[in-house]
$ cat target09.cif   # mmCIF, C-alpha atoms
data_target
#
loop_
_atom_site.label_atom_id
_atom_site.label_comp_id
_atom_site.auth_asym_id
_atom_site.auth_seq_id
_atom_site.Cartn_x
_atom_site.Cartn_y
_atom_site.Cartn_z
CA MET V 26 24.03 -11.14 4.43
CA ALA V 27 22.28 -7.81 3.94
CA ASP V 28 24.68 -6.78 1.16
CA ASP V 29 24.03 -10.09 -0.59
CA LYS V 30 20.26 -9.56 -0.46
CA ILE V 31 20.55 -6.01 -1.81
CA ARG V 32 22.72 -7.32 -4.64
CA LEU V 33 20.12 -10.00 -5.44
CA ILE V 34 17.29 -7.46 -5.36
CA ARG V 35 19.17 -5.27 -7.84
CA ALA V 36 19.79 -8.30 -10.04
CA ARG V 37 16.11 -9.19 -9.87
CA ASN V 38 15.10 -5.71 -10.99
CA ALA V 39 17.68 -5.75 -13.81
CA GLN V 40 16.55 -9.07 -15.26
CA ARG V 41 12.84 -8.41 -14.91
CA GLY V 42 11.24 -8.72 -18.33
CA SER V 43 8.88 -6.14 -19.75
CA PHE V 44 6.02 -8.09 -21.24
CA LYS V 45 3.74 -5.94 -23.36
CA ARG V 46 0.06 -6.65 -23.76
CA GLN V 47 -1.08 -7.33 -27.31
CA GLY V 48 -2.56 -4.21 -28.95
CA LEU V 49 -1.29 -1.91 -26.21
CA SER V 50 0.05 0.67 -28.64
CA ARG V 51 -3.20 0.74 -30.65
CA LYS V 52 -5.76 1.29 -27.90
CA LEU V 53 -5.39 4.02 -25.28
CA ARG V 54 -7.89 2.40 -22.92
CA LEU V 55 -5.79 -0.76 -22.45
CA GLU V 56 -3.70 -0.94 -19.31
CA ASP V 57 -0.03 -1.90 -19.38
CA THR V 58 -0.62 -5.21 -17.60
CA TRP V 59 0.15 -8.57 -19.12
CA ARG V 60 -2.78 -10.53 -20.53
CA ARG V 61 -2.26 -13.77 -22.38
CA PRO V 62 -3.11 -13.47 -26.10
CA ARG V 63 -6.03 -15.78 -26.94
CA GLY V 64 -6.88 -15.00 -30.54
CA ILE V 65 -6.93 -17.81 -33.11
CA GLN V 66 -4.76 -15.87 -35.56
CA SER V 67 -2.72 -14.01 -32.94
CA LYS V 68 0.91 -13.71 -33.96
CA GLN V 69 1.97 -13.09 -30.37
CA ARG V 70 0.24 -16.29 -29.22
CA LYS V 71 2.00 -18.21 -31.98
CA ASP V 72 5.36 -16.81 -30.76
CA TYR V 73 6.29 -14.99 -33.95
CA ARG V 74 9.53 -13.10 -33.63
CA ALA V 75 9.23 -9.35 -32.84
CA LYS V 76 5.62 -9.70 -31.65
CA GLY V 77 6.44 -9.64 -27.95
CA ARG V 78 7.74 -12.17 -25.47
CA HIS V 79 5.67 -14.24 -23.06
CA PRO V 80 6.44 -14.68 -19.37
CA GLN V 81 8.17 -18.02 -18.89
CA SER V 82 9.97 -19.86 -16.16
CA GLY V 83 13.38 -18.36 -15.64
CA PHE V 84 12.14 -14.79 -15.40
CA GLY V 85 11.35 -15.18 -11.70
CA SER V 86 13.41 -13.70 -8.88
CA PRO V 87 15.87 -15.67 -6.73
CA LYS V 88 14.24 -17.49 -3.82
CA ALA V 89 16.34 -15.58 -1.29
CA VAL V 90 14.69 -12.27 -2.22
CA ARG V 91 11.31 -13.39 -3.52
CA TYR V 92 8.42 -11.25 -2.20
CA PHE V 93 10.83 -8.60 -0.90
CA HIS V 94 10.18 -4.89 -1.39
CA PRO V 95 12.75 -3.10 -3.61
CA SER V 96 13.96 -1.26 -0.49
CA GLY V 97 15.18 -4.60 0.89
CA PHE V 98 12.51 -5.10 3.55
CA GLU V 99 10.14 -8.02 3.79
CA GLU V 100 6.53 -6.80 3.55
CA VAL V 101 4.05 -7.54 6.33
CA MET V 102 0.35 -6.72 5.96
CA VAL V 103 -1.18 -5.00 9.00
CA CYS V 104 -4.86 -4.43 9.78
CA ASN V 105 -4.72 -3.22 13.39
CA VAL V 106 -2.33 -2.03 16.08
CA ALA V 107 -2.00 -5.50 17.61
CA ASP V 108 -0.49 -6.81 14.36
CA LEU V 109 2.60 -4.63 14.95
CA GLU V 110 3.70 -6.88 17.81
CA GLY V 111 6.54 -9.22 16.91
CA ILE V 112 7.71 -7.32 13.82
CA ASN V 113 11.47 -7.04 13.36
CA ALA V 114 12.18 -3.42 12.42
CA GLN V 115 15.56 -4.27 10.86
CA THR V 116 14.25 -6.77 8.30
CA GLN V 117 10.50 -6.18 7.98
CA ALA V 118 8.38 -3.25 6.81
CA VAL V 119 4.65 -2.72 7.27
CA ARG V 120 2.00 -2.22 4.62
CA ILE V 121 -1.32 -1.01 6.08
CA SER V 122 -4.37 -2.67 4.55
CA ALA V 123 -6.47 -0.54 2.22
CA LYS V 124 -9.62 -1.39 4.16
CA VAL V 125 -8.36 0.29 7.34
CA GLY V 126 -10.11 3.58 8.11
CA GLY V 127 -8.60 6.93 8.97
CA ASN V 128 -8.61 6.79 12.77
CA LYS V 129 -7.19 3.28 12.95
CA ARG V 130 -4.62 4.13 10.24
CA ALA V 131 -3.43 7.11 12.29
CA ALA V 132 -3.10 4.89 15.38
CA ILE V 133 -1.13 2.26 13.43
CA GLN V 134 1.20 4.86 11.94
CA ALA V 135 1.83 6.47 15.33
CA LYS V 136 2.58 3.10 16.97
CA ALA V 137 4.87 2.08 14.07
CA GLU V 138 6.74 5.37 14.36
CA SER V 139 7.24 4.84 18.09
CA LEU V 140 8.56 1.32 17.41
CA SER V 141 10.72 2.67 14.51
CA ILE V 142 9.05 0.37 11.99
CA LYS V 143 8.99 1.51 8.36
CA VAL V 144 5.51 1.97 6.84
CA LEU V 145 5.49 1.46 3.07
CA ASN V 146 2.20 3.24 2.33
CA VAL V 147 2.18 6.23 4.67
CA ARG V 148 -0.82 8.51 4.29
CA VAL V 149 -1.84 11.68 6.02
CA ALA V 150 -4.86 10.43 7.93
CA LYS V 151 -7.95 12.60 7.95
CA VAL V 152 -8.78 12.24 11.62
CA VAL V 153 -11.70 14.06 13.17
CA GLU V 154 -9.95 16.32 15.61
CA LYS V 155 -10.99 16.60 19.23
CA ALA V 156 -11.09 20.37 18.86
CA GLU V 157 -14.04 20.09 16.49
CA LYS V 158 -15.81 17.80 18.92
CA SER V 159 -15.15 20.20 21.78
CA LYS V 160 -16.61 23.10 19.74
CA LYS V 161 -19.83 21.15 19.39
CA ALA V 162 -19.82 20.47 23.12
CA GLU V 163 -19.31 24.20 23.83
CA LYS V 164 -22.28 25.10 21.64
CA THR V 165 -24.54 22.69 23.49
CA GLU V 166 -23.32 24.03 26.85
CA LYS V 167 -24.03 27.62 25.78
CA ALA V 168 -27.51 26.62 24.66
CA ALA V 169 -28.11 24.94 28.03
CA GLU V 170 -26.89 28.07 29.88
CA LYS V 171 -29.27 30.28 27.88
CA LYS V 172 -32.16 28.01 28.78
CA GLU V 173 -31.19 28.23 32.46
CA GLU V 174 -31.01 32.04 32.29
CA VAL V 175 -34.48 32.20 30.75
CA THR V 176 -35.92 29.95 33.47
CA ASP V 177 -34.14 31.93 36.26
CA ASP V 178 -35.58 35.25 35.01
CA GLU V 179 -39.13 33.97 35.24
#

$ encode --input "target09.cif" --output "structure tokens"
Amino acid sequence: MADDKIRLIRARNAQRGSFKRQGLSRKLRLEDTWRRPRGIQSKQRKDYRAKGRHPQSGFGSPKAVRYFHPSGFEEVMVCNVADLEGINAQTQAVRISAKVGGNKRAAIQAKAESLSIKVLNVRVAKVVEKAEKSKKAEKTEKAAEKKEEVTDDE
């Protein structure tokens, strides 16, 4: 079954059409994302030959592998650590939501690693380390000790 899905994913990537946006080669600021041509005199809208193809039915992927990642895993969106429960590590991979912050992202990545779940968008999380917090605590303790020494001397 897994070999069949990998074969279908490769077939999907091979048949995927490259649909060019109208005027893409003329303007540097345009992104390479498909936008339907809407001009009255647009040759691409009128389907003139050699003016670029339109997406049509038939260019889609097979239903067996639709919405699968090219690596062969089914994508699952995760927003917190509790969402990792019930994920099958052999068939599913995790994509961490973009709205998740650094500390929670680090916790999700650590839990996924312990459960041997693949994370598709791994990032090095910028977590505030406990060492920095402890340095601040040491400074406040030293300040408190100095105050006590001053009051003891008097």

$ residues_around --input "target09.cif" --residues "stretch 51-63 of chain V" --least-positions-apart "2" --cutoff "12 Å" --atoms "only C-alpha atoms" --output "list in words"
Gly42, Ser43, Phe44, Lys45, Arg46, Gln47, Gly48, Leu49, Ile65, Gln66, Ser67, Lys68, Gln69, Arg70, Lys71, Asp72, Lys76, Gly77, Arg78, His79, Pro80 and Gln81 of chain V

$ resolve_selection --input "target09.cif" --expression "the PyMOL selection byres ((chain V and resi 132-138) around 12)" --output "ChimeraX atom specification"
/V:102-114,117-122,125-131,139-152

$ atom_distance --input "target09.cif" --atom1 "atom CA of V:Ser50" --atom2 "atom CA of V:Pro95"
28.3 Å

$ atom_distance --input "target09.cif" --atom1 "atom CA of V:Arg41" --atom2 "atom CA of V:Thr116"
23.3 Å

$ atom_distance --input "target09.cif" --atom1 "atom CA of V:Lys30" --atom2 "atom CA of V:Ala123"
28.3 Å

$ closest_residue --input "target09.cif" --among "V:Arg35, V:Gln115, V:Glu166, V:Pro87" --to "V:Glu100" --atoms "all atoms listed in the file"
V:Gln115

$ axis_aligned_box --input "target09.cif" --around "stretch 26-37 of chain V" --padding-each-side "4 Å" --output "AutoDock Vina command-line options"
--center_x 20.4 --center_y -8.2 --center_z -2.8 --size_x 16.6 --size_y 13.9 --size_z 22.5
